[in-house]
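Heads up, my_file24.pdb below (PDB, C-alpha atoms):
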```
ATOM      1  CA  MET A   1     -26.225  13.928   3.645
ATOM      2  CA  ARG A   2     -23.814  12.066   5.892
ATOM      3  CA  LEU A   3     -22.497   8.644   5.012
ATOM      4  CA  SER A   4     -21.196   7.785   8.461
ATOM      5  CA  PRO A   5     -21.052   9.198  12.001
ATOM      6  CA  ASP A   6     -17.332   9.764  11.392
ATOM      7  CA  GLU A   7     -18.186  13.152   9.976
ATOM      8  CA  ILE A   8     -19.714  14.546  13.174
ATOM      9  CA  ILE A   9     -16.693  15.968  14.965
ATOM     10  CA  TYR A  10     -17.096  17.201  18.513
ATOM     11  CA  TRP A  11     -13.563  18.100  19.437
ATOM     12  CA  GLN A  12     -10.347  18.420  17.500
ATOM     13  CA  PHE A  13      -6.764  18.780  18.607
ATOM     14  CA  GLY A  14      -4.188  18.601  15.824
ATOM     15  CA  PHE A  15      -4.727  15.329  14.000
ATOM     16  CA  MET A  16      -6.720  13.857  16.884
ATOM     17  CA  LYS A  17     -10.422  14.046  16.255
ATOM     18  CA  LEU A  18     -13.140  13.080  18.685
ATOM     19  CA  ASN A  19     -15.991  12.105  16.379
ATOM     20  CA  ALA A  20     -19.390  10.614  17.045
ATOM     21  CA  THR A  21     -18.187   7.072  16.301
ATOM     22  CA  ILE A  22     -15.555   7.109  19.031
ATOM     23  CA  LEU A  23     -17.793   8.913  21.495
ATOM     24  CA  PHE A  24     -20.722   6.530  21.119
ATOM     25  CA  THR A  25     -18.397   3.508  21.168
ATOM     26  CA  TRP A  26     -17.044   4.735  24.502
ATOM     27  CA  ALA A  27     -20.593   5.298  25.729
ATOM     28  CA  ILE A  28     -21.570   1.726  24.834
ATOM     29  CA  MET A  29     -18.404   0.395  26.478
ATOM     30  CA  VAL A  30     -19.174   2.324  29.673
ATOM     31  CA  VAL A  31     -22.779   1.122  29.735
ATOM     32  CA  LEU A  32     -21.814  -2.514  29.127
ATOM     33  CA  VAL A  33     -18.879  -2.616  31.541
ATOM     34  CA  VAL A  34     -20.526  -0.685  34.381
ATOM     35  CA  GLY A  35     -23.760  -2.607  33.883
ATOM     36  CA  SER A  36     -21.977  -5.955  34.012
ATOM     37  CA  ILE A  37     -20.008  -4.942  37.113
ATOM     38  CA  LEU A  38     -23.158  -3.753  38.875
ATOM     39  CA  ILE A  39     -25.050  -6.935  38.002
ATOM     40  CA  THR A  40     -22.291  -9.404  38.839
ATOM     41  CA  ARG A  41     -21.383  -7.675  42.105
ATOM     42  CA  LYS A  42     -23.968  -9.586  44.074
ATOM     43  CA  LEU A  43     -24.681 -12.888  42.393
ATOM     44  CA  SER A  44     -26.735 -15.500  44.135
ATOM     45  CA  VAL A  45     -26.952 -19.233  43.626
ATOM     46  CA  ALA A  46     -30.162 -19.553  45.601
ATOM     47  CA  HIS A  47     -33.549 -19.709  43.956
ATOM     48  CA  ILE A  48     -34.178 -16.058  44.673
ATOM     49  CA  ARG A  49     -32.077 -13.923  42.374
ATOM     50  CA  SER A  50     -32.370 -10.497  40.895
ATOM     51  CA  ARG A  51     -34.013  -9.861  37.518
ATOM     52  CA  TRP A  52     -30.772  -8.522  36.106
ATOM     53  CA  GLN A  53     -28.916 -11.697  36.983
ATOM     54  CA  ASN A  54     -31.657 -13.699  35.311
ATOM     55  CA  MET A  55     -31.362 -11.569  32.186
ATOM     56  CA  LEU A  56     -27.597 -11.955  32.056
ATOM     57  CA  GLU A  57     -27.833 -15.712  32.602
ATOM     58  CA  ILE A  58     -30.394 -16.054  29.806
ATOM     59  CA  ILE A  59     -28.147 -14.154  27.386
ATOM     60  CA  ILE A  60     -25.004 -16.079  28.338
ATOM     61  CA  THR A  61     -26.593 -19.526  28.202
ATOM     62  CA  ALA A  62     -28.251 -18.726  24.870
ATOM     63  CA  ILE A  63     -24.928 -17.643  23.363
ATOM     64  CA  GLU A  64     -23.188 -20.724  24.797
ATOM     65  CA  LYS A  65     -25.826 -22.992  23.304
ATOM     66  CA  GLN A  66     -25.502 -21.382  19.881
ATOM     67  CA  ILE A  67     -21.709 -21.694  19.955
ATOM     68  CA  GLU A  68     -21.954 -25.344  20.948
ATOM     69  CA  GLU A  69     -24.449 -26.118  18.181
ATOM     70  CA  ILE A  70     -22.062 -24.795  15.555
ATOM     71  CA  GLY A  71     -19.522 -27.400  16.563
ATOM     72  CA  LEU A  72     -17.164 -25.668  18.966
ATOM     73  CA  GLY A  73     -16.820 -28.236  21.710
ATOM     74  CA  THR A  74     -15.945 -26.000  24.645
ATOM     75  CA  PRO A  75     -18.071 -22.847  24.408
ATOM     76  CA  GLU A  76     -16.479 -21.313  27.531
ATOM     77  CA  LYS A  77     -13.255 -20.832  25.600
ATOM     78  CA  TYR A  78     -14.890 -18.839  22.821
ATOM     79  CA  LEU A  79     -17.607 -17.150  24.860
ATOM     80  CA  GLY A  80     -15.412 -14.187  25.720
ATOM     81  CA  PHE A  81     -14.728 -13.273  22.108
ATOM     82  CA  LEU A  82     -17.934 -14.266  20.314
ATOM     83  CA  GLY A  83     -20.184 -13.116  23.142
ATOM     84  CA  THR A  84     -18.487  -9.721  23.219
ATOM     85  CA  LEU A  85     -18.925  -9.332  19.464
ATOM     86  CA  PHE A  86     -22.619 -10.175  19.697
ATOM     87  CA  ILE A  87     -23.373  -8.023  22.725
ATOM     88  CA  PHE A  88     -21.458  -5.028  21.383
ATOM     89  CA  ILE A  89     -23.145  -5.040  17.957
ATOM     90  CA  ALA A  90     -26.547  -5.752  19.483
ATOM     91  CA  ALA A  91     -26.121  -2.918  22.005
ATOM     92  CA  ALA A  92     -24.887  -0.590  19.248
ATOM     93  CA  SER A  93     -28.099  -1.034  17.302
ATOM     94  CA  PHE A  94     -30.312  -1.322  20.384
ATOM     95  CA  PHE A  95     -29.427   2.167  21.634
ATOM     96  CA  THR A  96     -30.941   3.736  18.501
ATOM     97  CA  ILE A  97     -34.066   4.092  20.647
ATOM     98  CA  VAL A  98     -32.198   6.939  22.380
ATOM     99  CA  PRO A  99     -32.756  10.198  20.440
ATOM    100  CA  GLY A 100     -29.646  11.813  19.007
ATOM    101  CA  TYR A 101     -27.708   8.568  19.031
ATOM    102  CA  GLU A 102     -25.873   7.347  15.941
ATOM    103  CA  PRO A 103     -24.889   3.667  15.866
ATOM    104  CA  PRO A 104     -21.072   3.447  15.734
ATOM    105  CA  THR A 105     -21.432   0.308  13.615
ATOM    106  CA  GLY A 106     -22.667   2.620  10.839
ATOM    107  CA  SER A 107     -19.049   3.674  10.369
ATOM    108  CA  LEU A 108     -16.728   1.592   8.225
ATOM    109  CA  SER A 109     -13.888   2.091  10.735
ATOM    110  CA  THR A 110     -15.777   0.267  13.499
ATOM    111  CA  THR A 111     -16.886  -2.629  11.338
ATOM    112  CA  ALA A 112     -13.424  -2.964   9.787
ATOM    113  CA  ALA A 113     -11.937  -3.112  13.295
ATOM    114  CA  LEU A 114     -14.437  -5.778  14.352
ATOM    115  CA  SER A 115     -13.808  -7.916  11.290
ATOM    116  CA  LEU A 116     -10.024  -7.511  11.700
ATOM    117  CA  CYS A 117     -10.517  -8.925  15.208
ATOM    118  CA  VAL A 118     -12.171 -11.963  13.613
ATOM    119  CA  PHE A 119      -9.374 -12.128  11.036
ATOM    120  CA  ALA A 120      -6.816 -12.296  13.859
ATOM    121  CA  ALA A 121      -8.864 -14.543  16.121
ATOM    122  CA  VAL A 122      -9.219 -17.367  13.589
ATOM    123  CA  PRO A 123      -5.479 -18.249  13.432
ATOM    124  CA  ILE A 124      -5.032 -17.566  17.160
ATOM    125  CA  PHE A 125      -7.737 -20.030  18.140
ATOM    126  CA  GLY A 126      -6.734 -22.420  15.365
ATOM    127  CA  ILE A 127      -3.063 -22.538  16.366
ATOM    128  CA  GLY A 128      -3.985 -22.730  20.032
ATOM    129  CA  GLU A 129      -6.231 -25.692  19.362
ATOM    130  CA  LYS A 130      -4.267 -27.678  16.794
ATOM    131  CA  GLY A 131      -0.711 -26.356  16.772
ATOM    132  CA  LEU A 132       1.048 -24.303  14.102
ATOM    133  CA  GLY A 133       1.767 -27.063  11.587
ATOM    134  CA  ALA A 134      -1.686 -28.568  11.599
ATOM    135  CA  TYR A 135      -3.244 -25.131  11.244
ATOM    136  CA  LEU A 136      -1.037 -24.153   8.302
ATOM    137  CA  LYS A 137      -1.866 -27.473   6.659
ATOM    138  CA  LEU A 138      -5.477 -26.284   6.399
ATOM    139  CA  TYR A 139      -4.393 -23.850   3.694
ATOM    140  CA  VAL A 140      -3.208 -26.598   1.336
ATOM    141  CA  LYS A 141      -6.340 -28.665   1.708
ATOM    142  CA  PRO A 142      -7.649 -30.439  -0.294
ATOM    143  CA  THR A 143      -4.678 -30.008  -2.655
ATOM    144  CA  PHE A 144      -1.755 -27.636  -2.992
ATOM    145  CA  ILE A 145      -3.446 -25.877  -5.921
ATOM    146  CA  MET A 146      -6.046 -24.461  -3.543
ATOM    147  CA  LEU A 147      -3.486 -22.440  -1.559
ATOM    148  CA  PRO A 148      -4.062 -19.059  -3.299
ATOM    149  CA  PHE A 149      -7.822 -19.530  -3.227
ATOM    150  CA  ASN A 150      -7.780 -20.269   0.490
ATOM    151  CA  ILE A 151      -5.782 -17.105   1.111
ATOM    152  CA  ILE A 152      -8.123 -15.049  -1.098
ATOM    153  CA  SER A 153     -11.160 -16.422   0.707
ATOM    154  CA  GLU A 154      -9.603 -15.521   4.052
ATOM    155  CA  ILE A 155      -9.195 -11.902   2.940
ATOM    156  CA  SER A 156     -12.467 -11.565   1.070
ATOM    157  CA  ARG A 157     -14.559 -12.904   3.912
ATOM    158  CA  THR A 158     -13.007 -10.349   6.261
ATOM    159  CA  LEU A 159     -13.924  -7.619   3.781
ATOM    160  CA  ALA A 160     -17.423  -9.058   3.403
ATOM    161  CA  LEU A 161     -17.965  -9.099   7.181
ATOM    162  CA  ALA A 162     -17.022  -5.426   7.438
ATOM    163  CA  ILE A 163     -18.992  -4.216   4.408
ATOM    164  CA  ARG A 164     -22.092  -6.244   5.304
ATOM    165  CA  LEU A 165     -22.453  -4.799   8.790
ATOM    166  CA  PHE A 166     -21.553  -1.292   7.612
ATOM    167  CA  GLY A 167     -23.997  -1.393   4.699
ATOM    168  CA  ASN A 168     -26.879  -2.623   6.808
ATOM    169  CA  MET A 169     -26.386  -0.098   9.606
ATOM    170  CA  MET A 170     -25.661   2.799   7.228
ATOM    171  CA  SER A 171     -28.705   2.019   5.083
ATOM    172  CA  GLY A 172     -30.888   1.893   8.184
ATOM    173  CA  SER A 173     -29.888   5.333   9.433
ATOM    174  CA  MET A 174     -29.870   6.767   5.906
ATOM    175  CA  ILE A 175     -33.436   5.569   5.185
ATOM    176  CA  VAL A 176     -34.579   7.136   8.462
ATOM    177  CA  GLY A 177     -32.769  10.358   7.505
ATOM    178  CA  ILE A 178     -34.439  10.482   4.076
ATOM    179  CA  LEU A 179     -37.863   9.681   5.524
ATOM    180  CA  VAL A 180     -37.554  12.406   8.156
ATOM    181  CA  SER A 181     -37.144  14.946   5.376
ATOM    182  CA  ILE A 182     -40.052  13.570   3.306
ATOM    183  CA  THR A 183     -42.669  12.280   5.748
ATOM    184  CA  PRO A 184     -41.910  13.200   9.345
ATOM    185  CA  PHE A 185     -43.633  11.817  12.481
ATOM    186  CA  VAL A 186     -44.887   8.323  11.571
ATOM    187  CA  PHE A 187     -42.811   6.485   8.992
ATOM    188  CA  PRO A 188     -39.395   7.173  10.548
ATOM    189  CA  ILE A 189     -40.623   5.452  13.725
ATOM    190  CA  ILE A 190     -41.678   2.363  11.794
ATOM    191  CA  MET A 191     -38.371   2.237   9.965
ATOM    192  CA  THR A 192     -36.490   2.688  13.255
ATOM    193  CA  ALA A 193     -38.394  -0.266  14.700
ATOM    194  CA  LEU A 194     -37.484  -2.292  11.619
ATOM    195  CA  GLY A 195     -33.896  -1.118  12.059
ATOM    196  CA  LEU A 196     -33.896  -2.560  15.600
ATOM    197  CA  LEU A 197     -34.867  -5.938  14.158
ATOM    198  CA  THR A 198     -32.244  -5.850  11.401
ATOM    199  CA  GLY A 199     -29.653  -4.733  13.942
ATOM    200  CA  MET A 200     -30.308  -7.796  16.083
ATOM    201  CA  VAL A 201     -30.253 -10.073  13.044
ATOM    202  CA  GLN A 202     -26.964  -8.524  11.898
ATOM    203  CA  ALA A 203     -25.423  -8.972  15.352
ATOM    204  CA  TYR A 204     -26.511 -12.614  15.280
ATOM    205  CA  ILE A 205     -25.166 -13.117  11.767
ATOM    206  CA  PHE A 206     -21.840 -11.437  12.519
ATOM    207  CA  SER A 207     -21.143 -13.562  15.580
ATOM    208  CA  ILE A 208     -22.450 -16.753  13.938
ATOM    209  CA  LEU A 209     -20.190 -16.201  10.937
ATOM    210  CA  ALA A 210     -17.219 -15.546  13.240
ATOM    211  CA  ALA A 211     -18.055 -18.759  15.099
ATOM    212  CA  VAL A 212     -18.317 -20.690  11.836
ATOM    213  CA  TYR A 213     -14.917 -19.402  10.688
ATOM    214  CA  ILE A 214     -13.324 -20.290  14.027
ATOM    215  CA  ALA A 215     -14.974 -23.698  13.977
ATOM    216  CA  ALA A 216     -13.615 -24.345  10.487
ATOM    217  CA  ALA A 217     -10.107 -23.540  11.722
ATOM    218  CA  THR A 218     -10.240 -25.502  14.971
ATOM    219  CA  THR A 219     -12.228 -28.687  14.459
ATOM    220  CA  HIS A 220     -10.877 -30.837  11.685
ATOM    221  CA  ALA A 221      -8.136 -33.141  12.874
ATOM    222  CA  LYS A 222      -9.833 -34.895  15.718
ATOM    223  CA  ARG A 223     -13.428 -35.038  16.679
ATOM    224  CA  THR A 224     -13.536 -33.277  20.027
ATOM    225  CA  VAL A 225     -17.290 -32.917  20.028
ATOM    226  CA  PRO A 226     -18.913 -36.077  21.286
ATOM    227  CA  ILE A 227     -21.572 -37.358  18.928
ATOM    228  CA  LYS A 228     -24.862 -36.528  20.512
ATOM    229  CA  LYS A 229     -27.152 -39.392  21.318
ATOM    230  CA  GLU A 230     -30.145 -39.589  19.064
ATOM    231  CA  LYS A 231     -33.360 -38.700  20.740
ATOM    232  CA  SER A 232     -35.376 -41.795  21.454
ATOM    233  CA  TRP A 233     -38.633 -41.214  19.692
ATOM    234  CA  THR A 234     -40.558 -43.938  21.479
ATOM    235  CA  ALA A 235     -39.873 -42.781  25.009
TER     236      ALA A 235
ATOM    237  CA  MET B   1     -21.582  19.419 -22.137
ATOM    238  CA  ASP B   2     -18.606  19.934 -19.930
ATOM    239  CA  SER B   3     -16.963  17.068 -18.090
ATOM    240  CA  MET B   4     -18.773  17.675 -14.797
ATOM    241  CA  THR B   5     -22.205  17.302 -16.391
ATOM    242  CA  ILE B   6     -21.131  14.066 -18.055
ATOM    243  CA  ILE B   7     -19.779  12.750 -14.766
ATOM    244  CA  ALA B   8     -23.025  13.641 -12.991
ATOM    245  CA  ILE B   9     -25.223  12.002 -15.648
ATOM    246  CA  VAL B  10     -23.167   8.833 -15.812
ATOM    247  CA  SER B  11     -22.964   8.558 -12.001
ATOM    248  CA  ILE B  12     -26.704   8.917 -11.492
ATOM    249  CA  ILE B  13     -27.615   6.463 -14.243
ATOM    250  CA  THR B  14     -25.023   3.960 -13.022
ATOM    251  CA  ALA B  15     -26.243   4.253  -9.432
ATOM    252  CA  GLY B  16     -29.793   3.541 -10.569
ATOM    253  CA  PHE B  17     -28.728   0.518 -12.615
ATOM    254  CA  ALA B  18     -26.504  -0.778  -9.814
ATOM    255  CA  ILE B  19     -29.264  -0.719  -7.231
ATOM    256  CA  THR B  20     -31.912  -2.118  -9.617
ATOM    257  CA  ILE B  21     -30.017  -5.059 -11.036
ATOM    258  CA  GLY B  22     -28.054  -5.565  -7.842
ATOM    259  CA  THR B  23     -31.177  -6.046  -5.729
ATOM    260  CA  MET B  24     -33.184  -8.005  -8.290
ATOM    261  CA  ALA B  25     -30.885 -11.011  -8.454
ATOM    262  CA  PRO B  26     -30.348 -11.369  -4.675
ATOM    263  CA  ALA B  27     -34.121 -10.983  -4.184
ATOM    264  CA  PHE B  28     -34.723 -13.969  -6.467
ATOM    265  CA  GLY B  29     -32.012 -15.917  -4.696
ATOM    266  CA  GLU B  30     -33.351 -15.136  -1.238
ATOM    267  CA  GLY B  31     -36.892 -16.014  -2.254
ATOM    268  CA  LYS B  32     -35.699 -19.363  -3.506
ATOM    269  CA  ALA B  33     -33.670 -19.997  -0.343
ATOM    270  CA  VAL B  34     -36.564 -19.092   1.959
ATOM    271  CA  SER B  35     -39.075 -21.185   0.042
ATOM    272  CA  THR B  36     -36.774 -24.209   0.127
ATOM    273  CA  ALA B  37     -36.146 -23.681   3.838
ATOM    274  CA  LEU B  38     -39.899 -23.469   4.494
ATOM    275  CA  THR B  39     -40.449 -26.709   2.597
ATOM    276  CA  SER B  40     -37.797 -28.489   4.606
ATOM    277  CA  LEU B  41     -39.141 -26.980   7.832
ATOM    278  CA  ALA B  42     -42.565 -28.400   7.005
ATOM    279  CA  GLN B  43     -41.046 -31.785   6.279
ATOM    280  CA  GLN B  44     -38.697 -31.931   9.261
ATOM    281  CA  PRO B  45     -39.862 -29.664  12.078
ATOM    282  CA  ASP B  46     -37.392 -31.344  14.457
ATOM    283  CA  ALA B  47     -34.414 -29.919  12.581
ATOM    284  CA  SER B  48     -35.851 -26.412  12.786
ATOM    285  CA  SER B  49     -32.953 -24.875  14.738
ATOM    286  CA  THR B  50     -30.311 -26.145  12.320
ATOM    287  CA  ILE B  51     -32.328 -25.165   9.257
ATOM    288  CA  THR B  52     -33.062 -21.699  10.619
ATOM    289  CA  ARG B  53     -29.429 -21.035  11.504
ATOM    290  CA  THR B  54     -28.167 -22.218   8.139
ATOM    291  CA  LEU B  55     -30.881 -20.166   6.455
ATOM    292  CA  PHE B  56     -29.825 -17.029   8.297
ATOM    293  CA  VAL B  57     -26.175 -17.488   7.462
ATOM    294  CA  GLY B  58     -27.012 -18.204   3.828
ATOM    295  CA  LEU B  59     -29.347 -15.228   3.604
ATOM    296  CA  ALA B  60     -26.604 -13.000   4.992
ATOM    297  CA  MET B  61     -24.225 -14.291   2.326
ATOM    298  CA  ILE B  62     -26.748 -13.660  -0.463
ATOM    299  CA  GLU B  63     -27.795 -10.312   0.893
ATOM    300  CA  SER B  64     -24.235  -9.056   1.124
ATOM    301  CA  THR B  65     -24.120  -8.887  -2.698
ATOM    302  CA  ALA B  66     -27.103  -6.552  -2.621
ATOM    303  CA  ILE B  67     -25.400  -4.555   0.120
ATOM    304  CA  TYR B  68     -22.289  -4.185  -2.036
ATOM    305  CA  CYS B  69     -24.406  -2.741  -4.851
ATOM    306  CA  PHE B  70     -26.081  -0.399  -2.372
ATOM    307  CA  VAL B  71     -22.729   0.805  -1.054
ATOM    308  CA  VAL B  72     -21.496   1.406  -4.612
ATOM    309  CA  ALA B  73     -24.660   3.372  -5.427
ATOM    310  CA  MET B  74     -24.319   5.446  -2.261
ATOM    311  CA  ILE B  75     -20.670   6.197  -3.035
ATOM    312  CA  LEU B  76     -21.590   7.234  -6.594
ATOM    313  CA  ILE B  77     -24.286   9.602  -5.353
ATOM    314  CA  PHE B  78     -22.941  11.041  -2.101
ATOM    315  CA  ALA B  79     -19.172  10.557  -2.138
ATOM    316  CA  ASN B  80     -18.274  10.383  -5.805
ATOM    317  CA  PRO B  81     -14.467  10.465  -6.192
ATOM    318  CA  PHE B  82     -14.608  11.473  -9.907
ATOM    319  CA  TRP B  83     -16.964  14.317  -9.126
ATOM    320  CA  ASN B  84     -14.680  15.522  -6.330
ATOM    321  CA  SER B  85     -11.603  15.428  -8.560
ATOM    322  CA  ALA B  86     -13.492  17.304 -11.295
ATOM    323  CA  ILE B  87     -14.459  19.982  -8.773
ATOM    324  CA  ALA B  88     -10.853  20.185  -7.568
ATOM    325  CA  GLN B  89      -9.659  20.595 -11.171
ATOM    326  CA  ALA B  90     -12.267  23.270 -11.876
ATOM    327  CA  ALA B  91     -11.252  25.130  -8.724
ATOM    328  CA  GLY B  92      -7.575  24.885  -9.675
ATOM    329  CA  LYS B  93      -8.143  26.569 -13.063
TER     330      LYS B  93
END
```
As C-alpha cells - that is how I would like this structure written.
Amino acid sequence: MRLSPDEIIYWQFGFMKLNATILFTWAIMVVLVVGSILITRKLSVAHIRSRWQNMLEIIITAIEKQIEEIGLGTPEKYLGFLGTLFIFIAAASFFTIVPGYEPPTGSLSTTAALSLCVFAAVPIFGIGEKGLGAYLKLYVKPTFIMLPFNIISEISRTLALAIRLFGNMMSGSMIVGILVSITPFVFPIIMTALGLLTGMVQAYIFSILAAVYIAAATTHAKRTVPIKKEKSWTA
Amino acid sequence: MDSMTIIAIVSIITAGFAITIGTMAPAFGEGKAVSTALTSLAQQPDASSTITRTLFVGLAMIESTAIYCFVVAMILIFANPFWNSAIAQAAGK
C-alpha cells in the first residue's frame, strides 16, 4: 500500500529522483500554461467570443468576487496568487478522471510547498500594504503577552493547511485503492466521483483560508474597503 | 511475546482507537455547525453567501482534527516508525 505518489519512481540519477508527484505536477503546469496561452491568444471584446474565453472569464470573475467578499479591497492584486492556488489544486484533483493519474496534492511535499507559499505570502502582502512597522505591530496585538501565541498560530496554521489538503487527497486515493481490491467495477467509480467533489471543496477551502490569512494581515489599520450601500428593500 | 508482536498489537489497537474517537467528536461538532447554519439560513436567506462561506471555512477547521487522527492511524498502520526500527534491529542481530 502506498501512502503517497512520491514512492512511484520513474527515473533516477544519483540523488535526483523523478517521481510521480513531480511528473504529474509538471503535466498540470503544462496543461494550465499552454491552455491559458492558447485561450488568451485571441481574445475578443465583442459580443461574439469563444467558449473557452467565456469559461476563463467566468472562473476569473468568480474568484475575484470571492476575494472581494472576504475583505481584500483590490482583488486584482491578490488574484495572481490566490487564483493560481485555487486553479492548481482544483486541476490536480480534477484530472483524477484520467486513468493512471495520481493527484500530486496527495503527497505531503506538494502540500507543504503550497502552504509554505502562503506562509511567505502573508508577510509579503502585509508589509507591502501597511509597511514593516505596522505589520510587525500585529504580532503584539492585543497585548504584548500574546506575542508567542501569535507566532505559534502562524506556524500551526501553516502545518494545518498542509496536513489538511494532504490528508483529504491521500484518503481519497487510498479509499479508491482499498475498494478496487475488495469490490471492483462499481464502488470505486462512485468514490472517485465523490473525490472530485471533495477535491473542489478542498481547493476552495485552501484558497479561502489563504485569502483570510492575507486579509487579516493587510486590512486593519485603515478601512480601504468602502462600506457597501445597503440594498434598498422597497425599490 | 517478542517486542515486534507487542508493537504490532499496540499499533493496531491504537490506530483503531484514534480513528474511532478522532472522528466521533468532529462528527458531532460538524453536525452542530451545519444545523446552526441551516437554521440561520432559514432565518436570513439574504446572508446565504456569507453564512455558506463561513460554514465551509469552519467545517474545514473542524474536519482537520479528524484528518489529523486519520493521518496518525495511517502512519501507525502503513508507515510505523517503531515497527521499522524493530525490523532493523532484528535484521542487525
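Using all atoms listed in the file for every distance, the candidate list B:Gly31, B:Ala18, B:Ile12, B:Met1 yields B:Ala18 as the residue closest to Val71 in chain B.
Going from CA of Gly29 in chain B to CA of Ala112 in chain A covers 26.9 Å.
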Output the residue selection produced by the ChimeraX specification (/B :<12) & /A on the file above, formatted as a compact mmCIF listing (two decimals) with C-alpha atoms, in the frame of the given file.
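Once written, out.txt looks like this:
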```
# COMPACT_ATOMS: atom_id res chain seq x y z
CA MET A 1 -26.22 13.93 3.64
CA ARG A 2 -23.81 12.07 5.89
CA LEU A 3 -22.50 8.64 5.01
CA SER A 4 -21.20 7.78 8.46
CA LYS A 65 -25.83 -22.99 23.30
CA GLN A 66 -25.50 -21.38 19.88
CA ILE A 67 -21.71 -21.69 19.95
CA GLU A 69 -24.45 -26.12 18.18
CA ILE A 70 -22.06 -24.80 15.56
CA GLY A 71 -19.52 -27.40 16.56
CA LEU A 108 -16.73 1.59 8.22
CA ARG A 157 -14.56 -12.90 3.91
CA LEU A 159 -13.92 -7.62 3.78
CA ALA A 160 -17.42 -9.06 3.40
CA LEU A 161 -17.96 -9.10 7.18
CA ALA A 162 -17.02 -5.43 7.44
CA ILE A 163 -18.99 -4.22 4.41
CA ARG A 164 -22.09 -6.24 5.30
CA LEU A 165 -22.45 -4.80 8.79
CA PHE A 166 -21.55 -1.29 7.61
CA GLY A 167 -24.00 -1.39 4.70
CA ASN A 168 -26.88 -2.62 6.81
CA MET A 169 -26.39 -0.10 9.61
CA MET A 170 -25.66 2.80 7.23
CA SER A 171 -28.70 2.02 5.08
CA GLY A 172 -30.89 1.89 8.18
CA MET A 174 -29.87 6.77 5.91
CA ILE A 175 -33.44 5.57 5.18
CA THR A 198 -32.24 -5.85 11.40
CA VAL A 201 -30.25 -10.07 13.04
CA GLN A 202 -26.96 -8.52 11.90
CA ALA A 203 -25.42 -8.97 15.35
CA TYR A 204 -26.51 -12.61 15.28
CA ILE A 205 -25.17 -13.12 11.77
CA PHE A 206 -21.84 -11.44 12.52
CA SER A 207 -21.14 -13.56 15.58
CA ILE A 208 -22.45 -16.75 13.94
CA LEU A 209 -20.19 -16.20 10.94
CA ALA A 210 -17.22 -15.55 13.24
CA ALA A 211 -18.06 -18.76 15.10
CA VAL A 212 -18.32 -20.69 11.84
CA TYR A 213 -14.92 -19.40 10.69
CA GLU A 230 -30.14 -39.59 19.06
CA LYS A 231 -33.36 -38.70 20.74
CA TRP A 233 -38.63 -41.21 19.69
```
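Here CA of Leu43 in chain A and CA of Leu79 in chain A stand 19.4 Å from one another.
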- prompt: Using the chain letters and numbers from the file, which residues does the PyMOL selection byres ((chain A and resi 29-35) around 10) grab, as an MDAnalysis selection string?
  reply: chainID A and resid 23:28 36:41 52 84 87:88 91:92
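Note that the spacing between CA of Pro45 in chain B and CA of Thr74 in chain A amounts to 27.3 Å.
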- prompt: Which neighbours of range 34-41 of chain B fall inside 7 Å, counting all atoms listed in the file, when residues of the same chain fewer than 5 positions from it are skipped, and could you give them as a count of residues only?
  reply: 3
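Within the 9 Å cut-off around range 118-127 of chain A, using only C-alpha atoms and omitting residues fewer than 2 positions from it on the same chain, the listed residues are A:Tyr78, A:Phe81, A:Ala113, A:Leu114, A:Ser115, A:Leu116, A:Glu129, A:Lys130, A:Gly131, A:Leu132, A:Gly133, A:Ala134, A:Tyr135, A:Leu136, A:Glu154, A:Ile155, A:Arg157, A:Thr158, A:Ala210, A:Tyr213, A:Ile214, A:Ala215, A:Ala216, A:Ala217, A:Thr218, A:Thr219.
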- request: Might you pull out every residue within 10 Å of Ile8 in chain A, with only C-alpha atoms counted and same-chain residues fewer than 5 positions away left off, and present them as a list of chain:residue names?
  value: A:Arg2, A:Lys17, A:Leu18, A:Asn19, A:Ala20, A:Thr21, A:Glu102
All residues 12 Å or closer to Thr20 in chain B, all atoms listed in the file, same chain fewer than 3 positions away omitted, as a PDB file with C-alpha atoms, in the coordinates of the input:
```pdb
ATOM      1  CA  ILE B  13     -27.615   6.463 -14.243  1.00  0.00           C
ATOM      2  CA  THR B  14     -25.023   3.960 -13.022  1.00  0.00           C
ATOM      3  CA  ALA B  15     -26.243   4.253  -9.432  1.00  0.00           C
ATOM      4  CA  GLY B  16     -29.793   3.541 -10.569  1.00  0.00           C
ATOM      5  CA  PHE B  17     -28.728   0.518 -12.615  1.00  0.00           C
ATOM      6  CA  THR B  23     -31.177  -6.046  -5.729  1.00  0.00           C
ATOM      7  CA  MET B  24     -33.184  -8.005  -8.290  1.00  0.00           C
ATOM      8  CA  ALA B  25     -30.885 -11.011  -8.454  1.00  0.00           C
ATOM      9  CA  PRO B  26     -30.348 -11.369  -4.675  1.00  0.00           C
ATOM     10  CA  ALA B  27     -34.121 -10.983  -4.184  1.00  0.00           C
ATOM     11  CA  ALA B  66     -27.103  -6.552  -2.621  1.00  0.00           C
ATOM     12  CA  ILE B  67     -25.400  -4.555   0.120  1.00  0.00           C
ATOM     13  CA  CYS B  69     -24.406  -2.741  -4.851  1.00  0.00           C
ATOM     14  CA  PHE B  70     -26.081  -0.399  -2.372  1.00  0.00           C
ATOM     15  CA  ALA B  73     -24.660   3.372  -5.427  1.00  0.00           C
TER      16      ALA B  73
END
```
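This file gives the following result for the PyMOL selection byres ((chain B and resi 86-88) around 12): B:Asp2, B:Ser3, B:Met4, B:Thr5, B:Ile6, B:Ile7, B:Ala8, B:Asn80, B:Pro81, B:Phe82, B:Trp83, B:Asn84, B:Ser85, B:Gln89, B:Ala90, B:Ala91, B:Gly92, B:Lys93.
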Given the selection you just returned, output its residues as a file containing C-alpha atoms, formatted as a short mmCIF file (atom, residue, chain, number, x, y, z; two decimals), in the frame of the given file.
```cif
data_model
loop_
_atom_site.label_atom_id
_atom_site.label_comp_id
_atom_site.auth_asym_id
_atom_site.auth_seq_id
_atom_site.Cartn_x
_atom_site.Cartn_y
_atom_site.Cartn_z
CA ASP B 2 -18.61 19.93 -19.93
CA SER B 3 -16.96 17.07 -18.09
CA MET B 4 -18.77 17.68 -14.80
CA THR B 5 -22.20 17.30 -16.39
CA ILE B 6 -21.13 14.07 -18.06
CA ILE B 7 -19.78 12.75 -14.77
CA ALA B 8 -23.02 13.64 -12.99
CA ASN B 80 -18.27 10.38 -5.80
CA PRO B 81 -14.47 10.46 -6.19
CA PHE B 82 -14.61 11.47 -9.91
CA TRP B 83 -16.96 14.32 -9.13
CA ASN B 84 -14.68 15.52 -6.33
CA SER B 85 -11.60 15.43 -8.56
CA GLN B 89 -9.66 20.60 -11.17
CA ALA B 90 -12.27 23.27 -11.88
CA ALA B 91 -11.25 25.13 -8.72
CA GLY B 92 -7.58 24.88 -9.68
CA LYS B 93 -8.14 26.57 -13.06
#
```
